[in-house]
file query_7.cif (mmCIF, C-alpha atoms)
data_start
loop_
_atom_site.label_atom_id
_atom_site.label_comp_id
_atom_site.auth_asym_id
_atom_site.auth_seq_id
_atom_site.Cartn_x
_atom_site.Cartn_y
_atom_site.Cartn_z
CA MET A 1 77.42 115.47 115.61
CA SER A 2 77.18 119.07 114.52
CA ASN A 3 78.04 119.15 110.85
CA ILE A 4 78.02 116.97 107.80
CA GLN A 5 81.80 117.14 107.25
CA GLN A 6 82.23 115.62 110.72
CA VAL A 7 79.87 112.78 109.75
CA ARG A 8 82.03 112.01 106.71
CA THR A 9 85.33 112.31 108.61
CA LEU A 10 84.15 110.19 111.52
CA THR A 11 82.76 107.45 109.26
CA THR A 12 85.80 107.31 106.98
CA ASN A 13 88.29 107.40 109.88
CA PHE A 14 86.31 105.49 112.48
CA SER A 15 89.20 103.12 113.22
CA THR A 16 91.48 106.11 113.90
CA TYR A 17 88.91 107.57 116.30
CA GLN A 18 89.05 104.34 118.36
CA GLY A 19 91.85 105.95 120.33
CA LEU A 20 91.91 103.59 123.32
CA LYS A 21 93.38 100.93 121.03
CA GLY A 22 96.57 102.99 121.06
CA VAL A 23 96.89 102.74 124.86
CA PRO A 24 98.02 99.07 125.11
CA LEU A 25 100.23 99.49 122.03
CA GLY A 26 101.89 102.63 123.38
CA LEU A 27 102.39 101.16 126.84
CA LEU A 28 103.83 97.98 125.33
CA LEU A 29 106.38 100.03 123.37
CA SER A 30 107.38 101.96 126.51
CA ILE A 31 107.61 98.92 128.78
CA ILE A 32 109.67 96.88 126.31
CA SER A 33 111.96 99.87 125.74
CA LEU A 34 112.51 100.21 129.49
CA TRP A 35 113.15 96.47 129.74
CA ALA A 36 115.75 96.79 126.94
CA SER A 37 117.37 99.65 128.82
CA ALA A 38 117.65 97.55 131.99
CA GLN A 39 119.57 94.77 130.20
CA THR A 40 123.29 94.42 130.76
CA GLY A 41 124.80 92.51 127.88
CA PRO A 42 122.79 90.13 125.69
CA ALA A 43 119.31 89.33 127.09
CA LYS A 44 119.26 85.99 128.94
CA SER A 45 115.55 85.50 128.61
CA ILE A 46 112.85 87.06 126.48
CA LEU A 47 110.08 85.75 128.74
CA PHE A 48 109.24 89.21 130.07
CA PRO A 49 108.78 91.02 126.72
CA LEU A 50 107.00 87.96 125.32
CA SER A 51 104.49 87.76 128.17
CA CYS A 52 104.05 91.55 128.09
CA SER A 53 103.27 91.33 124.38
CA LEU A 54 100.67 88.62 124.99
CA VAL A 55 99.00 90.60 127.80
CA PHE A 56 98.88 93.82 125.79
CA ILE A 57 97.66 92.07 122.61
CA TYR A 58 94.86 90.61 124.74
CA LEU A 59 94.09 94.10 126.11
CA TYR A 60 94.01 95.42 122.53
CA TRP A 61 91.45 92.74 121.66
CA VAL A 62 89.37 93.68 124.73
CA VAL A 63 89.38 97.35 123.63
CA HIS A 64 88.46 96.27 120.09
CA ARG A 65 85.44 94.36 121.48
CA PHE A 66 84.51 97.39 123.61
CA TYR A 67 84.34 99.63 120.53
CA MET A 68 82.32 97.02 118.62
CA ARG A 69 79.79 96.66 121.46
CA ILE A 70 79.49 100.34 122.41
CA PHE A 71 80.14 102.28 119.21
CA GLY A 72 79.33 99.82 116.43
CA THR A 73 81.27 99.00 113.31
CA VAL A 74 82.02 100.58 109.95
CA MET A 75 83.22 98.58 106.95
CA LEU A 76 85.28 100.63 104.55
CA THR A 77 85.23 100.21 100.78
CA ARG A 78 88.00 98.17 99.16
CA LYS A 79 89.68 101.36 97.92
CA GLN A 80 89.60 102.96 101.39
CA LYS A 81 91.05 99.77 102.92
CA MET A 82 93.85 99.76 100.32
CA VAL A 83 94.73 103.37 101.18
CA GLU A 84 94.81 102.48 104.92
CA VAL A 85 97.07 99.48 104.28
CA LEU A 86 99.33 101.54 102.04
CA ARG A 87 99.60 104.29 104.65
CA GLY A 88 100.49 101.72 107.32
CA PHE A 89 103.06 100.14 105.01
CA VAL A 90 104.73 103.48 104.21
CA LEU A 91 104.85 104.53 107.88
CA GLY A 92 106.09 101.08 108.96
CA THR A 93 108.81 101.09 106.32
CA ALA A 94 109.86 104.63 107.28
CA ALA A 95 110.01 103.61 110.98
CA LEU A 96 112.10 100.49 110.17
CA ALA A 97 114.46 102.50 107.95
CA ALA A 98 114.81 105.15 110.68
CA PHE A 99 115.48 102.43 113.28
CA TRP A 100 118.18 100.96 111.03
CA ILE A 101 119.77 104.40 110.53
CA ASP A 102 119.76 105.09 114.29
CA VAL A 103 121.28 101.71 115.16
CA SER A 104 123.75 101.32 112.28
CA LEU A 105 124.87 104.83 111.41
CA GLN A 106 124.34 106.31 114.90
CA PRO A 107 123.74 109.92 113.85
CA ALA A 108 123.86 112.71 116.45
CA PHE A 109 120.06 112.94 116.33
CA SER A 110 117.24 110.36 116.36
CA MET A 111 115.77 109.59 112.95
CA LEU A 112 113.15 107.36 114.59
CA GLY A 113 112.02 110.24 116.79
CA LEU A 114 111.60 112.44 113.71
CA VAL A 115 109.54 109.71 111.99
CA PHE A 116 107.28 109.38 115.07
CA ALA A 117 106.91 113.18 115.14
CA GLY A 118 106.14 113.23 111.41
CA SER A 119 103.45 110.57 111.82
CA PHE A 120 101.81 112.56 114.68
CA LEU A 121 101.80 115.71 112.56
CA LEU A 122 100.42 113.90 109.49
CA GLU A 123 97.70 112.30 111.60
CA TYR A 124 96.72 115.70 112.96
CA LEU A 125 96.67 117.40 109.56
CA ARG A 126 94.84 114.48 107.92
CA ILE A 127 92.02 114.02 110.42
CA HIS A 128 91.99 116.14 113.52
CA GLN A 129 92.80 119.59 112.16
CA GLN A 130 89.16 120.32 111.32
CA SER A 131 87.99 119.12 114.72
CA LYS A 132 87.20 121.91 117.14
CA GLU A 133 88.50 119.79 120.01
CA ARG A 134 91.31 121.82 121.56
CA LEU A 135 92.70 118.78 123.33
CA LEU A 136 93.72 117.35 119.95
CA LEU A 137 96.27 120.17 119.69
CA PHE A 138 98.26 117.74 121.82
CA TYR A 139 99.15 116.06 118.47
CA PRO A 140 101.31 118.91 117.12
CA ALA A 141 102.55 119.57 120.66
CA ALA A 142 103.64 115.92 120.99
CA ALA A 143 105.29 116.12 117.55
CA LEU A 144 107.25 119.24 118.51
CA PHE A 145 108.27 117.65 121.81
CA LEU A 146 109.59 114.56 120.00
CA ILE A 147 111.44 116.70 117.44
CA LEU A 148 113.06 118.58 120.31
CA LEU A 149 114.07 115.33 122.07
CA SER A 150 115.41 113.96 118.78
CA VAL A 151 117.69 116.91 118.05
CA LEU A 152 118.81 117.83 121.59
CA PRO A 153 121.85 115.47 121.36
CA ILE A 154 123.20 117.65 118.51
CA MET A 155 123.56 120.41 121.12
CA GLY A 156 125.27 117.97 123.45
CA ILE A 157 122.27 117.46 125.74
CA ASN A 158 121.92 113.79 126.58
CA TRP A 159 118.50 114.05 128.23
CA TRP A 160 118.03 110.27 128.57
CA ASN A 161 120.97 109.78 130.96
CA PRO A 162 119.41 111.52 133.99
CA LEU A 163 116.32 109.33 133.46
CA GLY A 164 118.45 106.21 133.82
CA ILE A 165 117.93 105.21 130.18
CA LYS A 166 120.92 103.81 128.36
CA ALA A 167 120.55 105.13 124.82
CA LEU A 168 118.82 107.83 122.79
CA ILE A 169 116.82 105.36 120.70
CA ILE A 170 115.47 103.63 123.84
CA GLY A 171 114.55 107.00 125.34
CA ILE A 172 112.76 108.03 122.15
CA CYS A 173 110.79 104.74 122.04
CA THR A 174 109.82 105.08 125.72
CA VAL A 175 108.59 108.67 125.30
CA ALA A 176 106.86 107.91 121.95
CA GLY A 177 105.03 104.97 123.56
CA LEU A 178 103.78 107.16 126.41
CA LEU A 179 102.70 109.86 123.96
CA ILE A 180 100.83 107.28 121.83
CA ALA A 181 98.97 106.13 124.96
CA VAL A 182 98.07 109.70 126.01
CA LEU A 183 97.02 110.63 122.47
CA GLY A 184 94.84 107.52 122.38
CA VAL A 185 92.94 108.64 125.48
CA LEU A 186 92.52 112.17 124.08
CA VAL A 187 91.22 110.88 120.72
CA HIS A 188 88.72 108.70 122.58
CA ILE A 189 87.51 111.71 124.59
CA SER A 190 87.21 113.59 121.31
CA LEU A 191 85.09 110.76 119.85
CA GLU A 192 82.79 110.88 122.89
CA ASN A 193 82.50 114.68 122.60
CA ILE A 194 81.71 114.56 118.88
CA LEU A 195 79.00 111.95 119.38
CA GLN A 196 77.44 113.89 122.25
CA GLN A 197 76.92 117.03 120.18
CA PRO A 198 73.25 117.65 119.35
CA MET A 199 72.01 116.65 115.93
CA GLU A 200 71.90 120.03 114.22
CA LEU A 201 73.30 119.51 110.75
CA ASN A 202 74.31 122.82 109.26
CA HIS A 203 75.42 121.52 105.84
CA GLU A 204 78.97 122.77 106.24
CA MET B 1 65.43 134.94 92.91
CA ASN B 2 62.11 133.22 93.25
CA ASN B 3 63.82 130.25 91.68
CA ILE B 4 66.00 129.80 94.74
CA PHE B 5 62.98 129.54 97.02
CA GLN B 6 61.34 127.25 94.51
CA GLU B 7 64.45 125.08 94.45
CA LEU B 8 64.59 125.07 98.25
CA ALA B 9 60.98 123.98 98.43
CA ASN B 10 61.68 121.26 95.88
CA LEU B 11 64.54 119.70 97.87
CA ASP B 12 63.99 116.02 98.41
CA ARG B 13 62.32 116.01 101.82
CA LEU B 14 63.10 112.37 102.35
CA ILE B 15 66.82 113.20 102.27
CA HIS B 16 66.67 116.73 103.71
CA GLU B 17 65.58 115.58 107.18
CA PRO B 18 68.76 115.93 109.38
CA ALA B 19 68.88 112.38 110.77
CA ARG B 20 68.26 110.74 107.37
CA LEU B 21 70.77 113.10 105.78
CA ALA B 22 73.40 112.08 108.34
CA VAL B 23 72.60 108.38 107.81
CA LEU B 24 72.85 108.64 104.01
CA THR B 25 76.02 110.76 104.17
CA ALA B 26 77.67 108.26 106.52
CA LEU B 27 76.62 105.29 104.39
CA ALA B 28 77.88 107.02 101.24
CA SER B 29 81.31 107.38 102.94
CA CYS B 30 81.86 103.65 103.45
CA GLN B 31 80.81 100.19 102.30
CA LYS B 32 78.41 99.50 105.17
CA THR B 33 77.86 100.13 108.88
CA ASP B 34 75.93 98.41 111.60
CA PHE B 35 72.78 99.75 113.24
CA LEU B 36 74.62 100.65 116.46
CA PHE B 37 77.07 102.95 114.67
CA LEU B 38 74.23 104.84 113.00
CA GLN B 39 72.45 105.10 116.33
CA ARG B 40 75.53 106.57 118.04
CA LEU B 41 76.13 108.89 115.09
CA THR B 42 72.61 110.31 115.02
CA GLY B 43 71.86 110.10 118.73
CA LEU B 44 68.43 108.67 117.92
CA SER B 45 66.63 105.99 119.89
CA ALA B 46 66.56 102.53 118.29
CA GLY B 47 62.87 102.93 117.47
CA ASN B 48 63.30 106.32 115.81
CA LEU B 49 66.27 105.17 113.77
CA SER B 50 64.32 102.09 112.64
CA VAL B 51 61.53 104.34 111.37
CA HIS B 52 63.98 106.52 109.43
CA LEU B 53 65.73 103.48 107.98
CA SER B 54 62.41 101.96 106.95
CA LYS B 55 61.54 105.13 105.04
CA LEU B 56 64.90 105.11 103.28
CA GLU B 57 64.59 101.40 102.56
CA ASP B 58 61.08 101.80 101.17
CA ALA B 59 62.42 104.47 98.81
CA GLY B 60 65.14 102.06 97.70
CA LEU B 61 67.96 104.27 99.00
CA VAL B 62 69.39 101.85 101.56
CA LYS B 63 69.38 98.11 102.11
CA SER B 64 69.57 96.41 105.50
CA GLU B 65 70.58 92.90 106.29
CA LYS B 66 70.03 91.04 109.57
CA LYS B 67 72.36 88.36 110.84
CA ILE B 68 72.49 86.40 114.08
CA VAL B 69 76.00 86.39 115.51
CA ALA B 70 76.63 84.77 118.92
CA LYS B 71 72.89 84.72 119.69
CA ARG B 72 72.63 88.46 118.96
CA THR B 73 70.90 90.03 116.00
CA GLN B 74 73.19 92.31 114.04
CA THR B 75 71.77 94.67 111.46
CA HIS B 76 74.09 95.95 108.76
CA VAL B 77 73.01 98.78 106.51
CA ASN B 78 74.45 99.80 103.17
CA ILE B 79 73.53 102.42 100.61
CA THR B 80 72.18 101.37 97.21
CA GLU B 81 73.37 102.82 93.90
CA GLU B 82 70.14 104.82 93.77
CA GLY B 83 70.85 106.14 97.27
CA ARG B 84 74.39 107.10 96.29
CA ASP B 85 73.12 108.98 93.23
CA SER B 86 70.37 110.68 95.25
CA ILE B 87 72.70 111.95 97.97
CA ALA B 88 75.23 113.15 95.35
CA ARG B 89 72.46 115.01 93.50
CA TYR B 90 71.25 116.47 96.80
CA TRP B 91 74.68 117.89 97.65
CA GLU B 92 75.09 119.29 94.14
CA LYS B 93 71.75 121.04 94.51
CA ILE B 94 72.67 122.41 97.96
CA GLU B 95 75.96 123.70 96.54
CA THR B 96 74.16 125.42 93.66
CA LEU B 97 71.66 126.96 96.06
CA ARG B 98 74.44 128.18 98.31
CA ASN B 99 76.23 129.84 95.36
CA ASP B 100 72.97 131.39 94.16
CA ALA B 101 72.24 132.72 97.64
CA GLU B 102 75.72 134.24 97.92
CA ASN B 103 75.23 136.08 94.62
CA TRP B 104 71.72 137.16 95.49
CA LYS B 105 70.95 140.91 95.46
CA LEU B 106 67.96 142.47 97.12
CA ASP B 107 66.78 144.40 94.06
CA GLU B 108 66.62 141.30 91.87
#
call {"tool": "encode", "arguments": {"input": "query_7.cif", "output": "structure tokens"}}
result
Amino acid sequence: MSNIQQVRTLTTNFSTYQGLKGVPLGLLLSIISLWASAQTGPAKSILFPLSCSLVFIYLYWVVHRFYMRIFGTVMLTRKQKMVEVLRGFVLGTAALAAFWIDVSLQPAFSMLGLVFAGSFLLEYLRIHQQSKERLLLFYPAAALFLILLSVLPIMGINWWNPLGIKALIIGICTVAGLLIAVLGVLVHISLENILQQPMELNHE
Amino acid sequence: MNNIFQELANLDRLIHEPARLAVLTALASCQKTDFLFLQRLTGLSAGNLSVHLSKLEDAGLVKSEKKIVAKRTQTHVNITEEGRDSIARYWEKIETLRNDAENWKLDE
């Protein structure tokens, strides 16, 4: 931990720095999207996505316990918790609205992809911008990649077809899930790197 | 200019020590943390951190609470109102000193 601003940022955003929690969630999104793509007609059984969800929720809990045992816990103030909940609510609502737009109005681009990209960019600007970890530049890179994938259909490029995926929205969810998992690993590495820095507070 | 050096010398040494400063700054940024988090944050051994926390607790700046959960002792630490005021005053003072130092001229 090299400066005091990092101490504040890490403490206030400790849950965000627990990046490995994003791995089971991201993989779950990708796997269920691929399962949806493999369906022909209405799904006969939801046993596969249901059991996948249970397995990945269990894995999430295991990762949660890992962070508690190895890195400790931080309890936020009521105000900080409210802000976190509000942020989650706004992003969740935006994602649902984008999903509805993509499914109902079927625009030539993916609104959901743009919302995912926006959330990556916001996350980077809000927390990771001040970090000197170069690997966290993957955030804006992932956002740009998703924006590109979202707007490519406007130019007539249906990139999901060669991958064997049926629809743009499924392709976007699959890629976003993989990116969430990769970002999770990178954020965890960043947490490890920050905590390994020698204790030389420079009052920045 | 002598005032700046005087002010520097008068900084609260209890807070100015890097590990205690990190602990107080972290605690002032949340409601409470556990001992393990503070240990990972500061990189101190459990014994060293305990000594620092005892000093802060003796000065009334932090409060710790021990609980036994699943046969394990968990120590949670939170900052007191006095601790919050002290760390805020400390940062104000550092900011003033920094501004004074930036405006400092050799011939003064």
call {"tool": "closest_atom_pairs", "arguments": {"input": "query_7.cif", "of": "chain B", "to": "chain A", "cutoff": "12 Å", "atoms": "all atoms listed in the file", "output": "JSON lines"}}
result
{"residue": "B:His16", "atom": "CA", "partner": "A:Leu201", "partner_atom": "CA", "distance": 10.1}
{"residue": "B:Glu17", "atom": "CA", "partner": "A:Leu201", "partner_atom": "CA", "distance": 9.4}
{"residue": "B:Pro18", "atom": "CA", "partner": "A:Leu201", "partner_atom": "CA", "distance": 5.9}
{"residue": "B:Ala19", "atom": "CA", "partner": "A:Met199", "partner_atom": "CA", "distance": 7.4}
{"residue": "B:Arg20", "atom": "CA", "partner": "A:Leu201", "partner_atom": "CA", "distance": 10.7}
{"residue": "B:Leu21", "atom": "CA", "partner": "A:Ile4", "partner_atom": "CA", "distance": 8.5}
{"residue": "B:Ala22", "atom": "CA", "partner": "A:Val7", "partner_atom": "CA", "distance": 6.7}
{"residue": "B:Val23", "atom": "CA", "partner": "A:Val7", "partner_atom": "CA", "distance": 8.7}
{"residue": "B:Leu24", "atom": "CA", "partner": "A:Val7", "partner_atom": "CA", "distance": 10.0}
{"residue": "B:Thr25", "atom": "CA", "partner": "A:Arg8", "partner_atom": "CA", "distance": 6.6}
{"residue": "B:Ala26", "atom": "CA", "partner": "A:Arg8", "partner_atom": "CA", "distance": 5.8}
{"residue": "B:Leu27", "atom": "CA", "partner": "A:Thr11", "partner_atom": "CA", "distance": 8.1}
{"residue": "B:Ala28", "atom": "CA", "partner": "A:Arg8", "partner_atom": "CA", "distance": 8.5}
{"residue": "B:Ser29", "atom": "CA", "partner": "A:Arg8", "partner_atom": "CA", "distance": 6.0}
{"residue": "B:Cys30", "atom": "CA", "partner": "A:Leu76", "partner_atom": "CA", "distance": 4.7}
{"residue": "B:Gln31", "atom": "CA", "partner": "A:Thr77", "partner_atom": "CA", "distance": 4.7}
{"residue": "B:Lys32", "atom": "CA", "partner": "A:Met75", "partner_atom": "CA", "distance": 5.2}
{"residue": "B:Thr33", "atom": "CA", "partner": "A:Val74", "partner_atom": "CA", "distance": 4.3}
{"residue": "B:Asp34", "atom": "CA", "partner": "A:Thr73", "partner_atom": "CA", "distance": 5.6}
{"residue": "B:Phe35", "atom": "CA", "partner": "A:Gly72", "partner_atom": "CA", "distance": 7.3}
{"residue": "B:Leu36", "atom": "CA", "partner": "A:Gly72", "partner_atom": "CA", "distance": 4.8}
{"residue": "B:Phe37", "atom": "CA", "partner": "A:Gly72", "partner_atom": "CA", "distance": 4.2}
{"residue": "B:Leu38", "atom": "CA", "partner": "A:Gly72", "partner_atom": "CA", "distance": 7.9}
{"residue": "B:Gln39", "atom": "CA", "partner": "A:Gly72", "partner_atom": "CA", "distance": 8.7}
{"residue": "B:Arg40", "atom": "CA", "partner": "A:Phe71", "partner_atom": "CA", "distance": 6.4}
{"residue": "B:Leu41", "atom": "CA", "partner": "A:Leu195", "partner_atom": "CA", "distance": 6.0}
{"residue": "B:Thr42", "atom": "CA", "partner": "A:Met199", "partner_atom": "CA", "distance": 6.4}
{"residue": "B:Gly43", "atom": "CA", "partner": "A:Met199", "partner_atom": "CA", "distance": 7.1}
{"residue": "B:Leu44", "atom": "CA", "partner": "A:Met199", "partner_atom": "CA", "distance": 9.0}
{"residue": "B:Arg72", "atom": "CA", "partner": "A:Arg69", "partner_atom": "CA", "distance": 11.2}
{"residue": "B:Gln74", "atom": "CA", "partner": "A:Gly72", "partner_atom": "CA", "distance": 10.0}
{"residue": "B:Thr75", "atom": "CA", "partner": "A:Gly72", "partner_atom": "CA", "distance": 10.4}
{"residue": "B:His76", "atom": "CA", "partner": "A:Thr73", "partner_atom": "CA", "distance": 9.0}
{"residue": "B:Val77", "atom": "CA", "partner": "A:Val74", "partner_atom": "CA", "distance": 9.8}
{"residue": "B:Asn78", "atom": "CA", "partner": "A:Met75", "partner_atom": "CA", "distance": 9.6}
{"residue": "B:Ile79", "atom": "CA", "partner": "A:Thr77", "partner_atom": "CA", "distance": 11.9}
{"residue": "B:Tyr90", "atom": "CA", "partner": "A:His203", "partner_atom": "CA", "distance": 11.2}
{"residue": "B:Trp91", "atom": "CA", "partner": "A:His203", "partner_atom": "CA", "distance": 9.0}
{"residue": "B:Glu92", "atom": "CA", "partner": "A:His203", "partner_atom": "CA", "distance": 11.9}
{"residue": "B:Lys93", "atom": "CA", "partner": "A:His203", "partner_atom": "CA", "distance": 11.9}
{"residue": "B:Ile94", "atom": "CA", "partner": "A:His203", "partner_atom": "CA", "distance": 8.4}
{"residue": "B:Glu95", "atom": "CA", "partner": "A:His203", "partner_atom": "CA", "distance": 9.6}
{"residue": "B:Leu97", "atom": "CA", "partner": "A:His203", "partner_atom": "CA", "distance": 11.8}
{"residue": "B:Arg98", "atom": "CA", "partner": "A:His203", "partner_atom": "CA", "distance": 10.1}
call {"tool": "atom_distance", "arguments": {"input": "query_7.cif", "atom1": "CA of Asp12 in chain B", "atom2": "CA of Asn103 in chain B"}}
result
23.3 Å
call {"tool": "resolve_selection", "arguments": {"input": "query_7.cif", "expression": "the PyMOL selection byres ((chain A and resi 107) around 12)", "output": "ChimeraX atom specification"}}
result
/A:98-106,108-112,150-151,153-154,168-169
call {"tool": "atom_distance", "arguments": {"input": "query_7.cif", "atom1": "CA of Pro49 in chain A", "atom2": "CA of Trp35 in chain A"}}
result
7.6 Å
call {"tool": "closest_residue", "arguments": {"input": "query_7.cif", "among": "B:Thr73, B:Thr80, B:Ser86, B:Ser45", "to": "Glu57 in chain B", "atoms": "only C-alpha atoms"}}
result
B:Thr80
call {"tool": "resolve_selection", "arguments": {"input": "query_7.cif", "expression": "the PyMOL selection byres ((chain A and resi 115-120) around 6)", "output": "PyMOL selection string"}}
result
chain A and resi 112-114+121-123+139+143+146
call {"tool": "atom_distance", "arguments": {"input": "query_7.cif", "atom1": "CA of Gly164 in chain A", "atom2": "CA of Gly26 in chain A"}}
result
19.9 Å
call {"tool": "closest_residue", "arguments": {"input": "query_7.cif", "among": "A:Leu149, A:Cys52, A:Leu125, A:Val182", "to": "Ile31 in chain A", "atoms": "all atoms listed in the file"}}
result
A:Cys52
call {"tool": "resolve_selection", "arguments": {"input": "query_7.cif", "expression": "the PyMOL selection byres ((chain A and resi 36) around 12)", "output": "VMD selection string"}}
result
chain A and resid 29 to 35 37 to 46 48 to 49 164 to 167 169 to 171 173 to 174
call {"tool": "residues_around", "arguments": {"input": "query_7.cif", "residues": "Gly22 in chain A", "least_positions_apart": "2", "cutoff": "7 Å", "atoms": "only C-alpha atoms", "output": "PyMOL selection string"}}
result
chain A and resi 19-20+24-26+180-181+184
call {"tool": "axis_aligned_box", "arguments": {"input": "query_7.cif", "around": "range 37-42 of chain A", "padding_each_side": "4 Å", "output": "AutoDock Vina command-line options"}}
result
--center_x 121.1 --center_y 94.9 --center_z 128.8 --size_x 15.4 --size_y 17.5 --size_z 14.3
call {"tool": "build_atoms", "arguments": {"input": "query_7.cif", "residues": "range 119-140 of chain A", "atoms": "N, CA and C atoms", "output": "PDB file, in the frame of the given file"}}
result
ATOM      1  N   SER A 119     104.721 111.319 111.890  1.00  0.00           N
ATOM      2  CA  SER A 119     103.450 110.570 111.820  1.00  0.00           C
ATOM      3  C   SER A 119     102.380 111.254 112.687  1.00  0.00           C
ATOM      4  N   PHE A 120     102.774 111.825 113.838  1.00  0.00           N
ATOM      5  CA  PHE A 120     101.810 112.560 114.680  1.00  0.00           C
ATOM      6  C   PHE A 120     101.272 113.780 113.924  1.00  0.00           C
ATOM      7  N   LEU A 121     102.208 114.502 113.282  1.00  0.00           N
ATOM      8  CA  LEU A 121     101.800 115.710 112.560  1.00  0.00           C
ATOM      9  C   LEU A 121     100.874 115.368 111.393  1.00  0.00           C
ATOM     10  N   LEU A 122     101.240 114.314 110.640  1.00  0.00           N
ATOM     11  CA  LEU A 122     100.420 113.900 109.490  1.00  0.00           C
ATOM     12  C   LEU A 122      99.017 113.498 109.952  1.00  0.00           C
ATOM     13  N   GLU A 123      98.983 112.748 111.048  1.00  0.00           N
ATOM     14  CA  GLU A 123      97.700 112.300 111.600  1.00  0.00           C
ATOM     15  C   GLU A 123      96.828 113.505 111.968  1.00  0.00           C
ATOM     16  N   TYR A 124      97.466 114.499 112.556  1.00  0.00           N
ATOM     17  CA  TYR A 124      96.720 115.700 112.960  1.00  0.00           C
ATOM     18  C   TYR A 124      96.197 116.446 111.738  1.00  0.00           C
ATOM     19  N   LEU A 125      97.079 116.647 110.748  1.00  0.00           N
ATOM     20  CA  LEU A 125      96.670 117.400 109.560  1.00  0.00           C
ATOM     21  C   LEU A 125      95.618 116.644 108.759  1.00  0.00           C
ATOM     22  N   ARG A 126      95.740 115.304 108.735  1.00  0.00           N
ATOM     23  CA  ARG A 126      94.840 114.480 107.920  1.00  0.00           C
ATOM     24  C   ARG A 126      93.438 114.407 108.512  1.00  0.00           C
ATOM     25  N   ILE A 127      93.328 114.282 109.819  1.00  0.00           N
ATOM     26  CA  ILE A 127      92.020 114.020 110.420  1.00  0.00           C
ATOM     27  C   ILE A 127      91.573 115.079 111.422  1.00  0.00           C
ATOM     28  N   HIS A 128      92.461 115.403 112.344  1.00  0.00           N
ATOM     29  CA  HIS A 128      91.990 116.140 113.520  1.00  0.00           C
ATOM     30  C   HIS A 128      92.022 117.649 113.385  1.00  0.00           C
ATOM     31  N   GLN A 129      92.641 118.145 112.296  1.00  0.00           N
ATOM     32  CA  GLN A 129      92.800 119.590 112.160  1.00  0.00           C
ATOM     33  C   GLN A 129      91.436 120.297 112.137  1.00  0.00           C
ATOM     34  N   GLN A 130      90.474 119.672 111.446  1.00  0.00           N
ATOM     35  CA  GLN A 130      89.160 120.320 111.320  1.00  0.00           C
ATOM     36  C   GLN A 130      88.301 120.171 112.579  1.00  0.00           C
ATOM     37  N   SER A 131      88.743 119.295 113.484  1.00  0.00           N
ATOM     38  CA  SER A 131      87.990 119.120 114.720  1.00  0.00           C
ATOM     39  C   SER A 131      88.165 120.356 115.603  1.00  0.00           C
ATOM     40  N   LYS A 132      87.095 120.722 116.289  1.00  0.00           N
ATOM     41  CA  LYS A 132      87.200 121.910 117.140  1.00  0.00           C
ATOM     42  C   LYS A 132      87.686 121.531 118.535  1.00  0.00           C
ATOM     43  N   GLU A 133      88.025 120.259 118.713  1.00  0.00           N
ATOM     44  CA  GLU A 133      88.500 119.790 120.010  1.00  0.00           C
ATOM     45  C   GLU A 133      89.898 120.342 120.287  1.00  0.00           C
ATOM     46  N   ARG A 134      90.008 121.223 121.268  1.00  0.00           N
ATOM     47  CA  ARG A 134      91.310 121.820 121.560  1.00  0.00           C
ATOM     48  C   ARG A 134      92.299 120.791 122.082  1.00  0.00           C
ATOM     49  N   LEU A 135      91.773 119.751 122.736  1.00  0.00           N
ATOM     50  CA  LEU A 135      92.700 118.780 123.330  1.00  0.00           C
ATOM     51  C   LEU A 135      93.481 118.023 122.258  1.00  0.00           C
ATOM     52  N   LEU A 136      92.977 118.037 121.008  1.00  0.00           N
ATOM     53  CA  LEU A 136      93.720 117.350 119.950  1.00  0.00           C
ATOM     54  C   LEU A 136      94.919 118.165 119.469  1.00  0.00           C
ATOM     55  N   LEU A 137      95.049 119.400 119.976  1.00  0.00           N
ATOM     56  CA  LEU A 137      96.270 120.170 119.690  1.00  0.00           C
ATOM     57  C   LEU A 137      97.473 119.506 120.352  1.00  0.00           C
ATOM     58  N   PHE A 138      97.179 118.512 121.195  1.00  0.00           N
ATOM     59  CA  PHE A 138      98.260 117.740 121.820  1.00  0.00           C
ATOM     60  C   PHE A 138      99.069 117.007 120.731  1.00  0.00           C
ATOM     61  N   TYR A 139      98.434 116.720 119.582  1.00  0.00           N
ATOM     62  CA  TYR A 139      99.150 116.060 118.470  1.00  0.00           C
ATOM     63  C   TYR A 139     100.360 116.871 118.003  1.00  0.00           C
ATOM     64  N   PRO A 140     100.126 118.134 117.525  1.00  0.00           N
ATOM     65  CA  PRO A 140     101.310 118.910 117.120  1.00  0.00           C
ATOM     66  C   PRO A 140     102.249 119.187 118.280  1.00  0.00           C
TER      67      PRO A 140
END
